[in-house]
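Please read the structure below before turning to the comments.
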Protein chains: 2
Amino acid sequence: MKELNALLHSQLRLAVMSILMNVADADFVYIKGITGATAGNLSVQLDKLSSAGYIEVKKEFVGKKPRTTCAITTLGREAFCEYVEALKEYIKL
Amino acid sequence: MKELNALLHSQLRLAVMSILMNVADADFVYIKGITGATAGNLSVQLDKLSSAGYIEVKKEFVGKKPRTTCAITTLGREAFCEYVEALKEYIKL
DNA sequence: TAAACAAGTTTATTTTATAAACCAAAAATA
DNA sequence: TATTTTTGGTTTATAAAATAAACTTGTTTA
């Protein structure tokens, strides 16, 4: 059977990628809210996606508050689509 | 976002359940062949699915050789379907 | 009869996911 | 204005998982 991309086959990382597939970008607080993840866990998982080149993470200040914004990359988009294709073999759609 | 059943959100266990969704039963050697899993890993994962009541495992002798046969239960079937439904929220199908 | 094989199980190791603890700065409050 | 709380995270520690390696029991084969 086809392998499932282990980086994507994780609930939180998959949720993040799923969100980013449908918006231009999303910030840390927003993603945290939708996924219900703890900040620590989210921080770690965003790093992994970023290291893999699946997302781009931008850190800036808005006024005096820091803001971390994420956007999916072309590579990430491709990986996500391949993952979904592979998954279909498992869940027969 | 909906939670993904952690017991099913594992490549090998999902593969096993996927196989068992489509056949009356399947034996250890057959599942091992299709999934490409090692015997040890498969043994452990079958135990987990069995403990959760998602599959039934029957051990018998065919001639002089042992045979382990697995079949999905109603509970397992339901859990699989719910998992697939939850997953759709992530992969938008 | 010794070596290799079959069908698993058990145990140990490596990864992962996750949460807990922490940090710096800003905002709210007493 | 001093202190507490909140915001927006990161780092570190822990618990859980996946996986492989080693082992077992019995069988077949050379």
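If you're wondering about the labels, chains in the structure tokens are A, B, ... by order shown, residues count from 1 in each chain, ligands from 1 in order shown.
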
Inset, instruction - Pick out the chain A residues within 8 Å of chain D. Count only C-alpha atoms (C1' of nucleotides). Give them as an MDAnalysis selection string. - result: chainID A and resid 29 39:40 43 65:67

Inset, instruction - Show me which bits of chain A are within 7 Å of chain B, counting only C-alpha atoms, as an MDAnalysis selection string. - result: chainID A and resid 1 4 11 14:15 18 34:35 84 90:91

Legend entry - DSSP-assigned helix (DSSP H, G or I) members of chain B, reported as a PyMOL selection string: chain B and resi 11-21+28-35+39-51+74-91

How close does chain C get to chain A? List, as a tab-separated table, each residue of chain C within 8 Å, its nearest atom pair and the distance in Å to one decimal, counting only C-alpha atoms (C1' of nucleotides).
```
residue	atom	partner	partner_atom	distance
C:DA17	C1'	A:Asn41	CA	7.9
C:DT18	C1'	A:Asn41	CA	6.2
C:DA19	C1'	A:Gly40	CA	7.6
C:DA26	C1'	A:Lys64	CA	7.6
```

Would you save the residues from that selection as an mmCIF file, in the first residue's frame, using C-alpha atoms (C1' of nucleotides)?
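Written output follows (selection.cif):
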```
data_model
loop_
_atom_site.group_PDB
_atom_site.id
_atom_site.type_symbol
_atom_site.label_atom_id
_atom_site.label_comp_id
_atom_site.auth_asym_id
_atom_site.auth_seq_id
_atom_site.Cartn_x
_atom_site.Cartn_y
_atom_site.Cartn_z
ATOM 1 C "C1'" DA C 17 2.888 14.251 20.000
ATOM 2 C "C1'" DT C 18 1.650 16.842 23.647
ATOM 3 C "C1'" DA C 19 1.667 19.476 27.701
ATOM 4 C "C1'" DA C 26 2.038 45.044 26.990
#
```

Legend entry - Within 8 Å of A:Leu7 using only C-alpha atoms (C1' of nucleotides), minus same-chain residues under 3 positions, as a count of residues only: 4

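Atom CA of B:Ser51 is positioned 11.9 Å from atom CA of B:Leu75.
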
Write out as a short mmCIF file (atom, residue, chain, number, x, y, z; two decimals) with C-alpha atoms, in the first residue's frame which residues come within 12 Å of A:Asp25 when counting only C-alpha atoms (C1' of nucleotides), dropping same-chain ones fewer than 5 positions away.
```cif
data_model
loop_
_atom_site.label_atom_id
_atom_site.label_comp_id
_atom_site.auth_asym_id
_atom_site.auth_seq_id
_atom_site.Cartn_x
_atom_site.Cartn_y
_atom_site.Cartn_z
CA VAL A 16 -2.96 23.45 9.95
CA MET A 17 -2.34 22.47 6.34
CA SER A 18 -6.04 22.08 5.76
CA ILE A 19 -6.65 25.61 6.99
CA LEU A 20 -3.79 27.02 4.95
CA TYR A 30 -6.27 32.23 14.55
CA ILE A 31 -4.92 28.73 13.90
CA ILE A 55 4.68 26.51 4.93
CA GLU A 56 6.30 29.90 5.24
CA VAL A 57 6.29 31.58 8.61
CA LYS A 58 6.62 35.32 8.92
CA THR A 68 3.28 35.07 13.43
CA THR A 69 1.68 34.56 10.08
CA CYS A 70 1.71 31.31 8.08
CA ALA A 71 1.11 30.58 4.45
CA ILE A 72 1.30 27.34 2.53
CA THR A 73 3.98 26.97 -0.14
#
```
